[in-house]
$ cat entry31.csv   # CSV, C-alpha atoms and all ligand atoms
chain,number,residue,atom,x,y,z
A,211,MET,CA,11.1,44.5,69.6
A,212,ASN,CA,12.1,44.8,73.3
A,213,ILE,CA,12.7,42.2,75.9
A,214,TYR,CA,12.4,43.1,79.5
A,215,ALA,CA,11.9,41.5,82.9
A,216,ASN,CA,9.2,42.2,85.4
A,217,LYS,CA,8.5,40.3,88.6
A,218,ASN,CA,11.1,37.7,87.6
A,219,ARG,CA,9.3,37.0,84.3
A,220,TYR,CA,10.6,37.8,80.9
A,221,TYR,CA,8.4,39.6,78.4
A,222,PHE,CA,8.8,40.8,74.8
A,223,GLU,CA,7.0,43.7,73.2
A,224,GLY,CA,5.2,42.5,70.2
A,225,PRO,CA,2.0,42.1,68.4
A,226,MET,CA,0.7,38.9,69.9
A,227,SER,CA,-0.2,40.4,73.2
A,228,HIS,CA,-3.2,39.5,75.4
A,229,GLN,CA,-2.6,42.5,77.7
A,230,GLY,CA,-1.5,45.7,76.1
A,231,ASN,CA,1.5,45.0,73.9
A,232,TYR,CA,3.2,42.4,76.0
A,233,GLN,CA,3.1,38.7,76.2
A,234,LEU,CA,4.6,36.4,78.7
A,235,VAL,CA,7.1,34.2,76.9
A,236,SER,CA,9.0,32.6,79.8
A,237,LYS,CA,8.1,31.9,83.4
A,238,SER,CA,11.7,31.2,84.2
A,239,ASN,CA,12.6,32.9,87.4
A,240,ALA,CA,15.3,35.4,87.1
A,241,SER,CA,17.8,33.8,89.4
A,242,SER,CA,17.7,30.4,87.8
A,243,PHE,CA,17.8,32.1,84.4
A,244,HIS,CA,21.2,33.5,85.3
A,245,ARG,CA,22.4,30.6,87.4
A,246,SER,CA,22.2,27.7,85.0
A,247,ARG,CA,24.0,27.9,81.6
A,248,PRO,CA,22.1,25.1,79.8
A,249,ILE,CA,18.8,26.5,81.0
A,250,ARG,CA,20.0,29.9,79.9
A,251,LYS,CA,21.0,28.6,76.5
A,252,ALA,CA,17.7,26.7,76.1
A,253,ALA,CA,15.7,29.8,77.1
A,254,LEU,CA,17.6,31.9,74.6
A,255,ILE,CA,16.9,29.4,71.8
A,256,PHE,CA,13.3,29.3,72.8
A,257,LEU,CA,13.1,33.1,72.8
A,258,ALA,CA,14.8,33.3,69.4
A,259,VAL,CA,12.3,30.8,67.9
A,260,VAL,CA,9.3,32.7,69.4
A,261,LEU,CA,10.7,36.0,68.2
A,262,MET,CA,11.3,34.6,64.7
A,263,GLY,CA,7.7,33.4,64.6
A,264,ILE,CA,6.4,36.8,65.7
A,265,ALA,CA,8.6,38.6,63.2
A,266,ALA,CA,7.2,36.3,60.4
A,267,PHE,CA,3.6,37.0,61.6
A,268,SER,CA,4.1,40.8,61.5
A,269,ALA,CA,6.6,41.0,58.6
A,270,ARG,CA,4.0,41.7,55.9
A,271,GLY,CA,3.0,45.0,57.4
A,272,LEU,CA,-0.5,43.7,58.1
A,273,GLY,CA,-2.7,45.5,60.5
A,274,GLN,CA,-3.3,44.5,64.1
A,275,THR,CA,-4.9,41.4,65.3
A,276,ILE,CA,-8.5,40.1,65.5
A,277,ARG,CA,-8.9,37.7,68.3
A,278,PRO,CA,-11.9,35.4,68.0
A,279,GLY,CA,-13.8,34.9,71.2
A,280,GLU,CA,-12.0,37.5,73.2
A,281,VAL,CA,-13.4,40.7,74.6
A,282,TRP,CA,-13.3,43.2,71.8
A,283,LEU,CA,-12.9,46.8,73.0
A,284,ASP,CA,-14.0,49.9,71.2
A,285,ASP,CA,-12.1,53.3,71.2
A,286,ARG,CA,-13.6,54.0,74.6
A,287,GLY,CA,-12.2,50.8,76.1
A,288,GLN,CA,-15.7,49.3,76.3
A,289,PRO,CA,-16.7,45.9,74.9
A,290,ILE,CA,-18.2,46.3,71.5
A,291,GLN,CA,-22.0,45.8,71.7
A,292,ALA,CA,-23.0,44.9,68.2
A,293,HIS,CA,-24.5,41.4,68.5
A,294,GLY,CA,-26.4,39.6,65.7
A,295,GLY,CA,-25.0,42.4,63.6
A,296,GLY,CA,-24.0,43.4,60.1
A,297,VAL,CA,-21.3,45.5,58.5
A,298,LEU,CA,-21.9,48.2,55.8
A,299,LYS,CA,-19.0,49.7,53.9
A,300,GLN,CA,-19.3,53.4,52.8
A,301,GLY,CA,-16.2,54.7,51.0
A,302,ASN,CA,-13.3,53.2,52.8
A,303,THR,CA,-15.1,53.1,56.2
A,304,TYR,CA,-16.8,50.1,57.6
A,305,PHE,CA,-19.9,50.5,59.9
A,306,TRP,CA,-20.8,47.7,62.2
A,307,PHE,CA,-24.4,47.7,63.5
A,308,GLY,CA,-25.8,45.3,66.1
A,309,GLU,CA,-27.8,44.6,69.2
A,310,GLU,CA,-26.6,46.8,72.1
A,311,ARG,CA,-27.1,44.6,75.2
A,312,GLU,CA,-25.1,46.5,77.8
A,313,GLN,CA,-26.2,46.1,81.4
A,314,GLY,CA,-28.1,49.0,83.0
A,315,LEU,CA,-30.0,50.2,79.9
A,316,ASP,CA,-33.7,51.2,80.1
A,317,PRO,CA,-35.4,47.7,80.1
A,318,THR,CA,-38.4,49.1,78.2
A,319,LYS,CA,-36.2,50.2,75.3
A,320,ARG,CA,-34.4,48.3,72.6
A,321,TYR,CA,-31.0,49.5,71.3
A,322,VAL,CA,-28.8,49.3,68.2
A,323,GLY,CA,-25.2,50.3,68.4
A,324,CYS,CA,-23.1,51.6,65.5
A,325,TYR,CA,-19.3,51.6,65.3
A,326,SER,CA,-16.9,52.6,62.5
A,327,SER,CA,-13.5,51.3,61.4
A,328,LYS,CA,-11.1,51.6,58.5
A,329,ASP,CA,-9.3,48.4,59.2
A,330,LEU,CA,-12.0,46.1,60.7
A,331,VAL,CA,-9.9,45.8,63.9
A,332,HIS,CA,-10.2,49.2,65.6
A,333,TRP,CA,-13.8,50.3,66.1
A,334,LYS,CA,-15.0,53.7,67.1
A,335,PHE,CA,-18.3,54.0,68.9
A,336,ARG,CA,-20.5,56.3,66.8
A,337,ASN,CA,-24.0,56.3,68.2
A,338,LEU,CA,-26.9,54.3,69.6
A,339,VAL,CA,-28.7,54.7,66.4
A,340,ILE,CA,-31.9,53.0,67.8
A,341,GLN,CA,-33.1,53.7,71.3
A,342,LEU,CA,-36.6,52.7,70.8
A,343,SER,CA,-39.6,52.3,73.2
A,344,ASP,CA,-42.2,49.7,72.2
A,345,PRO,CA,-43.2,51.3,68.8
A,346,GLU,CA,-46.4,49.5,68.1
A,347,ASN,CA,-47.8,48.4,71.5
A,348,PHE,CA,-46.3,44.9,71.2
A,349,GLY,CA,-46.1,44.7,75.0
A,350,PRO,CA,-43.3,44.7,77.5
A,351,ARG,CA,-41.6,41.6,76.1
A,352,TRP,CA,-41.2,43.0,72.6
A,353,ILE,CA,-38.0,42.0,70.8
A,354,LEU,CA,-35.7,43.7,68.4
A,355,GLU,CA,-32.8,41.6,67.1
A,356,ARG,CA,-30.3,41.3,64.2
A,357,PRO,CA,-30.4,44.8,62.8
A,358,LYS,CA,-28.9,45.2,59.3
A,359,VAL,CA,-28.4,48.4,57.4
A,360,PHE,CA,-28.5,48.9,53.6
A,361,TYR,CA,-27.6,52.1,51.8
A,362,ASN,CA,-30.0,53.1,49.1
A,363,ALA,CA,-28.1,55.2,46.5
A,364,LYS,CA,-31.3,56.4,44.8
A,365,THR,CA,-33.1,57.8,47.9
A,366,LYS,CA,-29.7,58.5,49.7
A,367,LYS,CA,-31.3,56.9,52.8
A,368,TYR,CA,-29.9,54.3,55.1
A,369,VAL,CA,-32.5,51.6,55.6
A,370,MET,CA,-32.4,49.4,58.6
A,371,TYR,CA,-34.1,46.0,58.8
A,372,MET,CA,-34.7,44.4,62.1
A,373,HIS,CA,-36.2,41.2,63.5
A,374,ILE,CA,-39.2,42.4,65.4
A,375,ASP,CA,-41.0,39.9,67.7
A,376,GLY,CA,-42.8,39.3,70.9
A,377,PRO,CA,-45.7,37.2,72.2
A,378,VAL,CA,-49.2,37.4,70.8
A,379,ASN,CA,-51.8,37.7,73.6
A,380,GLY,CA,-49.2,36.2,75.9
A,381,ASN,CA,-48.9,33.1,73.6
A,382,GLY,CA,-46.2,31.7,71.3
A,383,GLY,CA,-43.3,32.1,73.7
A,384,GLY,CA,-41.5,35.3,73.0
A,385,TYR,CA,-41.4,34.9,69.3
A,386,ALA,CA,-45.0,34.8,67.9
A,387,LEU,CA,-45.2,38.1,66.0
A,388,ALA,CA,-42.4,37.0,63.6
A,389,ARG,CA,-42.1,40.3,61.7
A,390,VAL,CA,-39.5,42.6,60.2
A,391,GLY,CA,-39.2,46.2,61.2
A,392,VAL,CA,-37.9,49.0,59.0
A,393,ALA,CA,-36.2,52.3,60.1
A,394,THR,CA,-34.4,54.9,58.1
A,395,SER,CA,-31.9,57.7,58.5
A,396,ASP,CA,-30.3,60.3,56.3
A,397,LYS,CA,-26.9,59.7,58.0
A,398,VAL,CA,-25.3,56.4,58.4
A,399,ASP,CA,-24.8,56.9,62.2
A,400,GLY,CA,-27.8,59.1,62.7
A,401,ASP,CA,-30.9,58.4,64.8
A,402,TYR,CA,-32.9,56.0,62.8
A,403,HIS,CA,-36.6,56.7,62.5
A,404,TYR,CA,-38.8,53.6,62.9
A,405,ILE,CA,-41.3,53.3,60.1
A,406,ARG,CA,-43.3,50.1,60.5
A,407,SER,CA,-43.2,46.3,60.9
A,408,PHE,CA,-44.7,43.7,58.6
A,409,ARG,CA,-44.4,40.0,57.6
A,410,PRO,CA,-42.4,40.0,54.4
A,411,LEU,CA,-44.5,38.8,51.5
A,412,GLY,CA,-47.0,37.6,54.1
A,413,HIS,CA,-44.6,35.1,55.6
A,414,GLU,CA,-43.3,34.5,59.2
A,415,SER,CA,-39.9,36.1,59.6
A,416,ARG,CA,-37.6,35.6,62.5
A,417,ASP,CA,-33.8,35.7,62.1
A,418,ILE,CA,-32.9,38.0,59.2
A,419,GLY,CA,-29.7,38.4,57.1
A,420,GLN,CA,-28.7,40.9,54.5
A,421,PHE,CA,-27.1,40.4,51.1
A,422,VAL,CA,-26.0,42.9,48.5
A,423,ASP,CA,-24.9,41.4,45.3
A,424,ASP,CA,-22.0,42.6,43.2
A,425,ASP,CA,-24.5,44.4,40.9
A,426,GLY,CA,-25.8,46.4,43.9
A,427,THR,CA,-29.1,44.5,44.2
A,428,ALA,CA,-30.2,44.2,47.8
A,429,TYR,CA,-31.8,41.1,49.3
A,430,LEU,CA,-33.3,40.2,52.7
A,431,ILE,CA,-32.8,36.6,53.9
A,432,PHE,CA,-35.3,35.5,56.5
A,433,GLU,CA,-36.2,32.4,58.4
A,434,ASP,CA,-39.8,31.4,57.7
A,435,ARG,CA,-40.5,28.7,60.3
A,436,PRO,CA,-43.2,26.8,58.4
A,437,PHE,CA,-41.3,26.7,55.1
A,438,GLY,CA,-37.6,27.5,55.4
A,439,PHE,CA,-34.8,29.8,54.3
A,440,ARG,CA,-36.1,32.6,52.1
A,441,ILE,CA,-34.2,35.0,49.9
A,442,ALA,CA,-36.2,38.0,48.7
A,443,LYS,CA,-35.4,41.2,46.8
A,444,LEU,CA,-36.0,44.6,48.3
A,445,SER,CA,-38.1,47.2,46.5
A,446,ASP,CA,-36.4,50.1,44.7
A,447,ASP,CA,-36.5,52.3,47.8
A,448,TYR,CA,-35.6,49.3,50.1
A,449,LEU,CA,-38.6,50.1,52.3
A,450,ASP,CA,-40.4,46.9,51.3
A,451,VAL,CA,-39.6,43.3,50.5
A,452,GLU,CA,-40.8,43.0,46.9
A,453,LYS,CA,-40.1,39.6,45.3
A,454,GLU,CA,-39.2,36.2,46.4
A,455,VAL,CA,-36.0,34.9,44.7
A,456,ALA,CA,-35.7,31.5,46.5
A,457,LEU,CA,-37.2,29.3,49.1
A,458,ILE,CA,-34.7,26.7,50.3
A,459,PRO,CA,-36.7,24.2,52.3
A,460,MET,CA,-34.2,24.1,55.2
A,461,HIS,CA,-34.8,25.4,58.7
A,462,LEU,CA,-31.8,27.6,59.2
A,463,GLU,CA,-31.3,30.8,61.3
A,464,GLY,CA,-28.5,33.4,61.2
A,465,GLY,CA,-28.8,33.3,57.4
A,466,ALA,CA,-26.0,34.9,55.4
A,467,ILE,CA,-24.9,34.8,51.7
A,468,VAL,CA,-21.7,35.8,49.8
A,469,HIS,CA,-21.1,35.9,46.1
A,470,TYR,CA,-17.5,34.7,45.5
A,471,GLN,CA,-15.8,33.7,42.3
A,472,GLY,CA,-19.0,33.1,40.4
A,473,LEU,CA,-20.7,31.1,43.1
A,474,TYR,CA,-23.3,32.0,45.7
A,475,TYR,CA,-22.6,30.5,49.2
A,476,ALA,CA,-25.5,30.5,51.7
A,477,ILE,CA,-24.9,29.7,55.4
A,478,GLY,CA,-27.1,29.3,58.4
A,479,SER,CA,-27.3,27.7,61.8
A,480,GLU,CA,-29.8,25.1,63.0
A,481,LEU,CA,-32.6,26.2,65.3
A,482,THR,CA,-31.2,25.7,68.8
A,483,SER,CA,-31.9,29.1,70.2
A,484,TRP,CA,-28.8,30.6,71.9
A,485,SER,CA,-26.9,27.3,72.0
A,486,PRO,CA,-24.4,26.7,69.2
A,487,ASN,CA,-24.8,24.0,66.6
A,488,PRO,CA,-23.0,22.9,63.4
A,489,ASN,CA,-23.6,25.8,60.9
A,490,LYS,CA,-24.1,24.7,57.4
A,491,TYR,CA,-23.6,25.9,53.8
A,492,ALA,CA,-24.9,25.3,50.3
A,493,THR,CA,-23.9,26.7,46.9
A,494,ALA,CA,-25.7,27.8,43.8
A,495,THR,CA,-24.7,29.5,40.5
A,496,SER,CA,-27.8,31.6,40.7
A,497,LEU,CA,-29.5,33.0,43.8
A,498,SER,CA,-32.7,31.4,42.7
A,499,GLY,CA,-31.0,28.0,42.8
A,500,PRO,CA,-30.9,25.2,42.4
A,501,TRP,CA,-29.0,25.0,45.7
A,502,THR,CA,-26.9,22.1,46.7
A,503,GLU,CA,-27.5,20.2,49.8
A,504,PHE,CA,-26.2,21.7,53.0
A,505,LYS,CA,-22.9,20.6,54.5
A,506,ASP,CA,-21.1,21.5,57.8
A,507,ILE,CA,-18.8,24.5,57.7
A,508,ALA,CA,-16.6,23.1,60.5
A,509,PRO,CA,-16.2,19.8,62.2
A,510,PRO,CA,-19.7,19.2,63.6
A,511,GLU,CA,-18.5,18.3,67.1
A,512,THR,CA,-17.1,21.8,67.5
A,513,LYS,CA,-20.6,23.3,67.0
A,514,THR,CA,-19.1,26.0,64.8
A,515,TYR,CA,-16.5,26.7,67.6
A,516,GLY,CA,-19.4,27.9,69.8
A,517,ALA,CA,-20.5,30.5,67.3
A,518,GLN,CA,-23.6,31.3,65.2
A,519,SER,CA,-23.5,33.0,61.8
A,520,THR,CA,-24.7,36.5,61.3
A,521,MET,CA,-23.0,37.6,58.1
A,522,MET,CA,-20.2,36.9,55.6
A,523,LEU,CA,-18.2,40.0,54.8
A,524,LYS,CA,-16.4,40.2,51.5
A,525,VAL,CA,-13.2,42.3,51.6
A,526,VAL,CA,-12.0,42.9,48.1
A,527,GLY,CA,-8.4,44.0,48.2
A,528,SER,CA,-5.8,44.9,45.6
A,529,LYS,CA,-4.2,41.4,45.8
A,530,THR,CA,-6.9,39.1,46.9
A,531,THR,CA,-10.4,38.8,48.2
A,532,THR,CA,-11.1,37.6,51.7
A,533,VAL,CA,-14.5,36.5,53.0
A,534,ILE,CA,-14.9,36.9,56.8
A,535,PHE,CA,-17.3,34.7,58.8
A,536,MET,CA,-18.9,36.9,61.3
A,537,GLY,CA,-20.5,34.9,64.1
A,538,ASP,CA,-21.8,35.5,67.6
A,539,ILE,CA,-20.7,33.5,70.6
A,540,TRP,CA,-23.8,34.0,72.7
A,541,LYS,CA,-23.9,34.0,76.4
A,542,PRO,CA,-27.6,33.8,77.1
A,543,LYS,CA,-27.3,34.4,80.9
A,544,THR,CA,-24.9,37.4,80.4
A,545,LEU,CA,-25.9,38.5,76.9
A,546,TRP,CA,-23.8,41.7,77.3
A,547,ASP,CA,-20.7,39.6,77.5
A,548,SER,CA,-21.5,37.6,74.3
A,549,ARG,CA,-18.5,37.5,72.0
A,550,TYR,CA,-17.7,37.5,68.3
A,551,LEU,CA,-16.0,34.9,66.2
A,552,TRP,CA,-14.6,36.5,63.1
A,553,MET,CA,-12.4,34.3,60.9
A,554,PRO,CA,-11.4,34.3,57.3
A,555,LEU,CA,-13.2,31.5,55.5
A,556,THR,CA,-11.4,29.0,53.3
A,557,ILE,CA,-13.3,28.9,50.1
A,558,SER,CA,-12.4,27.2,46.8
A,559,ASP,CA,-14.0,25.2,44.1
A,560,GLY,CA,-17.4,25.3,45.7
A,561,LYS,CA,-16.2,24.2,49.2
A,562,LEU,CA,-16.3,26.5,52.2
A,563,SER,CA,-14.9,25.9,55.6
A,564,LEU,CA,-14.3,27.8,58.8
A,565,PRO,CA,-10.8,27.2,60.1
A,566,THR,CA,-10.0,26.7,63.8
A,567,PRO,CA,-10.3,30.1,65.4
A,568,ARG,CA,-6.9,31.7,66.1
A,569,PRO,CA,-5.7,35.3,66.2
A,570,TRP,CA,-5.3,36.7,62.7
A,571,LYS,CA,-4.4,39.8,60.9
A,572,LEU,CA,-6.0,41.5,57.9
A,573,ASN,CA,-4.8,44.1,55.5
A,574,VAL,CA,-8.0,45.6,54.2
A,575,LYS,CA,-6.1,47.3,51.3
A,576,THR,CA,-4.7,44.2,49.8
A,577,GLY,CA,-7.2,41.8,51.2
A,578,GLU,CA,-4.4,39.6,52.6
A,579,VAL,CA,-4.8,37.8,55.9
A,580,GLU,CA,-2.3,35.9,58.1
A,581,VAL,CA,-3.5,33.5,60.7
A,582,ALA,CA,-1.2,32.8,63.8
A,583,GLN,CA,0.1,29.3,64.0
B,601,LIG,C1,-31.5,32.3,68.1
B,601,LIG,C2,-31.4,33.5,67.2
B,601,LIG,C3,-31.1,34.7,68.0
B,601,LIG,C4,-32.2,34.8,69.1
B,601,LIG,C5,-32.2,33.5,70.0
B,601,LIG,C6,-33.3,33.6,71.0
B,601,LIG,O1,-31.8,31.1,67.4
B,601,LIG,O2,-30.5,33.3,66.2
B,601,LIG,O3,-31.1,35.8,67.2
B,601,LIG,O4,-33.4,35.0,68.6
B,601,LIG,O5,-32.5,32.4,69.1
B,601,LIG,O6,-33.6,32.3,71.6

$ encode --input "entry31.csv" --output "structure tokens" --more "lines below"
Ligand code: GAL
Amino acid sequence: MNIYANKNRYYFEGPMSHQGNYQLVSKSNASSFHRSRPIRKAALIFLAVVLMGIAAFSARGLGQTIRPGEVWLDDRGQPIQAHGGGVLKQGNTYFWFGEEREQGLDPTKRYVGCYSSKDLVHWKFRNLVIQLSDPENFGPRWILERPKVFYNAKTKKYVMYMHIDGPVNGNGGGYALARVGVATSDKVDGDYHYIRSFRPLGHESRDIGQFVDDDGTAYLIFEDRPFGFRIAKLSDDYLDVEKEVALIPMHLEGGAIVHYQGLYYAIGSELTSWSPNPNKYATATSLSGPWTEFKDIAPPETKTYGAQSTMMLKVVGSKTTTVIFMGDIWKPKTLWDSRYLWMPLTISDGKLSLPTPRPWKLNVKTGEVEVAQ
């Protein structure tokens, strides 16, 4: 670790940086730093304490840091555009799919971005896997949101589900169609071919979520406005939604499920459009229920720290298993600048909570995390 001075400020080289590798640790100006002995001593003690903290944070050889709410850059130095997204693991590579909302794109098209990573921290841009013009004459205000990709081992196809929406005859605001769309590709980051859209099992479907159980069974979670939170099994080829598993009579969006230590945890957000609200969770020993009542995942006044759930990602390591809350911090007026809130969840004995967002590190091999104090 190096300490150096620049413009009369003292910096150290270390992992907790906000700009490159360096973080400002003291604003003392250089002349006073050298002039006054007590100040110098105090500054040195302060530095030592900070350095010890940093050393402790990095001692376990964990990877680099995830910073909830900050701009997250890809390998090209561009903000990751994978909003309302999901992560699929293939071998030891993670693929993150989500809404690409960069400025300057063709306004008639809708886009899905795909990124890959081995450590869930550094993401390589792979492809705009969907660059789609209105596929079924829905009209200029058609919507494609919350893409999720499943891998079907039998057909060897990657199957993407999307929330497809738009007004109907100019009515119903922007979200009257309430359908899911399906697209497939032979390659995880290939150009996905749009197949069709439909209402799953005949029901309205707006926000969708994806869940693959430990036995490999794939489920779609969807928000059915008249009835609630639905969990349904996909068909063998994943091209259809085959069978309802549960209907939880709760109106929740951004649905996500994880199976952890013998219990299913379902989370979702209230229906407040782009504005954050207190996200909630329930548990069940079986996907079909009975589900407990829903409780807040974070102090309700924080409104989930400004985020909305999109997925819970289970990282099974050699030492422990970590479940990551993946959320979107939407900026409706500048959607391209929407941020991500990823934090390891605290889960035990049927209780789940989202800790206060702080920088944290993950070792995907061991599953261990360390959260900055
Ligand atoms: C949210 C939903 C987003 C988007 C938004 C539009 O509730 O989760 O995916 O649809 O509403 O208002």

$ closest_residue --input "entry31.csv" --among "A:Lys575, A:Lys334, A:Arg356, A:Lys513" --to "ligand LIG 601 (chain B)" --atoms "all atoms listed in the file"
A:Arg356

$ atom_distance --input "entry31.csv" --atom1 "CA of Gly349 in chain A" --atom2 "CA of Val378 in chain A"
9.0 Å

$ residues_around --input "entry31.csv" --residues "Ser558 in chain A" --least-positions-apart "4" --cutoff "10 Å" --atoms "all atoms listed in the file" --output "PyMOL selection string"
chain A and resi 470-471+473+562-563

$ residues_near_ligand --input "entry31.csv" --ligand "ligand LIG 601 (chain B)" --cutoff "7 Å" --atoms "all atoms listed in the file" --output "NGL selection string"
:A and (294 or 355-356 or 417 or 463-464 or 481-484)

$ atom_distance --input "entry31.csv" --atom1 "CA of Trp570 in chain A" --atom2 "CA of Ala476 in chain A"
23.8 Å

$ atom_distance --input "entry31.csv" --atom1 "CA of Leu497 in chain A" --atom2 "CA of Val525 in chain A"
20.3 Å

$ residues_around --input "entry31.csv" --residues "range 369-373 of chain A" --least-positions-apart "6" --cutoff "7 Å" --atoms "only C-alpha atoms" --output "ChimeraX atom specification"
/A:354-361,389-395,416-418,448

$ write_last_selection --input "entry31.csv" --atoms "C-alpha atoms" --output "compact mmCIF listing (two decimals), in the coordinates of the input"
# COMPACT_ATOMS: atom_id res chain seq x y z
CA LEU A 354 -35.70 43.70 68.40
CA GLU A 355 -32.80 41.60 67.10
CA ARG A 356 -30.30 41.30 64.20
CA PRO A 357 -30.40 44.80 62.80
CA LYS A 358 -28.90 45.20 59.30
CA VAL A 359 -28.40 48.40 57.40
CA PHE A 360 -28.50 48.90 53.60
CA TYR A 361 -27.60 52.10 51.80
CA ARG A 389 -42.10 40.30 61.70
CA VAL A 390 -39.50 42.60 60.20
CA GLY A 391 -39.20 46.20 61.20
CA VAL A 392 -37.90 49.00 59.00
CA ALA A 393 -36.20 52.30 60.10
CA THR A 394 -34.40 54.90 58.10
CA SER A 395 -31.90 57.70 58.50
CA ARG A 416 -37.60 35.60 62.50
CA ASP A 417 -33.80 35.70 62.10
CA ILE A 418 -32.90 38.00 59.20
CA TYR A 448 -35.60 49.30 50.10

$ residues_around --input "entry31.csv" --residues "range 323-330 of chain A" --least-positions-apart "3" --cutoff "8 Å" --atoms "all atoms listed in the file" --output "PDB file with C-alpha atoms, in the coordinates of the input"
ATOM      1  CA  GLY A 273      -2.700  45.500  60.500  1.00  0.00           C
ATOM      2  CA  GLN A 291     -22.000  45.800  71.700  1.00  0.00           C
ATOM      3  CA  ALA A 292     -23.000  44.900  68.200  1.00  0.00           C
ATOM      4  CA  ASN A 302     -13.300  53.200  52.800  1.00  0.00           C
ATOM      5  CA  THR A 303     -15.100  53.100  56.200  1.00  0.00           C
ATOM      6  CA  TYR A 304     -16.800  50.100  57.600  1.00  0.00           C
ATOM      7  CA  PHE A 305     -19.900  50.500  59.900  1.00  0.00           C
ATOM      8  CA  TRP A 306     -20.800  47.700  62.200  1.00  0.00           C
ATOM      9  CA  PHE A 307     -24.400  47.700  63.500  1.00  0.00           C
ATOM     10  CA  GLY A 308     -25.800  45.300  66.100  1.00  0.00           C
ATOM     11  CA  GLU A 309     -27.800  44.600  69.200  1.00  0.00           C
ATOM     12  CA  GLU A 310     -26.600  46.800  72.100  1.00  0.00           C
ATOM     13  CA  TRP A 333     -13.800  50.300  66.100  1.00  0.00           C
ATOM     14  CA  LYS A 334     -15.000  53.700  67.100  1.00  0.00           C
ATOM     15  CA  PHE A 335     -18.300  54.000  68.900  1.00  0.00           C
ATOM     16  CA  ARG A 336     -20.500  56.300  66.800  1.00  0.00           C
ATOM     17  CA  ASN A 337     -24.000  56.300  68.200  1.00  0.00           C
ATOM     18  CA  LEU A 338     -26.900  54.300  69.600  1.00  0.00           C
ATOM     19  CA  VAL A 339     -28.700  54.700  66.400  1.00  0.00           C
ATOM     20  CA  ILE A 340     -31.900  53.000  67.800  1.00  0.00           C
ATOM     21  CA  ASP A 399     -24.800  56.900  62.200  1.00  0.00           C
ATOM     22  CA  LEU A 572      -6.000  41.500  57.900  1.00  0.00           C
ATOM     23  CA  ASN A 573      -4.800  44.100  55.500  1.00  0.00           C
ATOM     24  CA  VAL A 574      -8.000  45.600  54.200  1.00  0.00           C
TER      25      VAL A 574
END

$ build_atoms --input "entry31.csv" --residues "range 532-543 of chain A" --atoms "N, CA and C atoms" --output "mmCIF file, in the frame of the given file"
data_model
loop_
_atom_site.group_PDB
_atom_site.id
_atom_site.type_symbol
_atom_site.label_atom_id
_atom_site.label_comp_id
_atom_site.auth_asym_id
_atom_site.auth_seq_id
_atom_site.Cartn_x
_atom_site.Cartn_y
_atom_site.Cartn_z
ATOM 1 N N THR A 532 -10.917 38.392 50.538
ATOM 2 C CA THR A 532 -11.100 37.600 51.700
ATOM 3 C C THR A 532 -12.565 37.632 52.156
ATOM 4 N N VAL A 533 -13.120 36.490 52.518
ATOM 5 C CA VAL A 533 -14.500 36.500 53.000
ATOM 6 C C VAL A 533 -14.414 36.162 54.533
ATOM 7 N N ILE A 534 -14.939 37.070 55.330
ATOM 8 C CA ILE A 534 -14.900 36.900 56.800
ATOM 9 C C ILE A 534 -16.214 36.302 57.282
ATOM 10 N N PHE A 535 -16.107 35.214 58.045
ATOM 11 C CA PHE A 535 -17.300 34.700 58.800
ATOM 12 C C PHE A 535 -17.451 35.543 59.986
ATOM 13 N N MET A 536 -18.613 36.184 60.105
ATOM 14 C CA MET A 536 -18.900 36.900 61.300
ATOM 15 C C MET A 536 -19.940 36.132 62.100
ATOM 16 N N GLY A 537 -19.561 35.723 63.293
ATOM 17 C CA GLY A 537 -20.500 34.900 64.100
ATOM 18 C C GLY A 537 -20.561 35.474 65.522
ATOM 19 N N ASP A 538 -21.629 35.090 66.188
ATOM 20 C CA ASP A 538 -21.800 35.500 67.600
ATOM 21 C C ASP A 538 -21.604 34.264 68.486
ATOM 22 N N ILE A 539 -20.845 34.470 69.535
ATOM 23 C CA ILE A 539 -20.700 33.500 70.600
ATOM 24 C C ILE A 539 -21.642 33.975 71.711
ATOM 25 N N TRP A 540 -22.852 33.438 71.731
ATOM 26 C CA TRP A 540 -23.800 34.000 72.700
ATOM 27 C C TRP A 540 -23.603 33.476 74.089
ATOM 28 N N LYS A 541 -23.846 34.350 75.023
ATOM 29 C CA LYS A 541 -23.900 34.000 76.400
ATOM 30 C C LYS A 541 -25.231 34.334 76.959
ATOM 31 N N PRO A 542 -26.200 33.410 76.868
ATOM 32 C CA PRO A 542 -27.600 33.800 77.100
ATOM 33 C C PRO A 542 -27.830 34.344 78.533
ATOM 34 N N LYS A 543 -27.032 33.913 79.522
ATOM 35 C CA LYS A 543 -27.300 34.400 80.900
ATOM 36 C C LYS A 543 -26.624 35.784 81.096
#
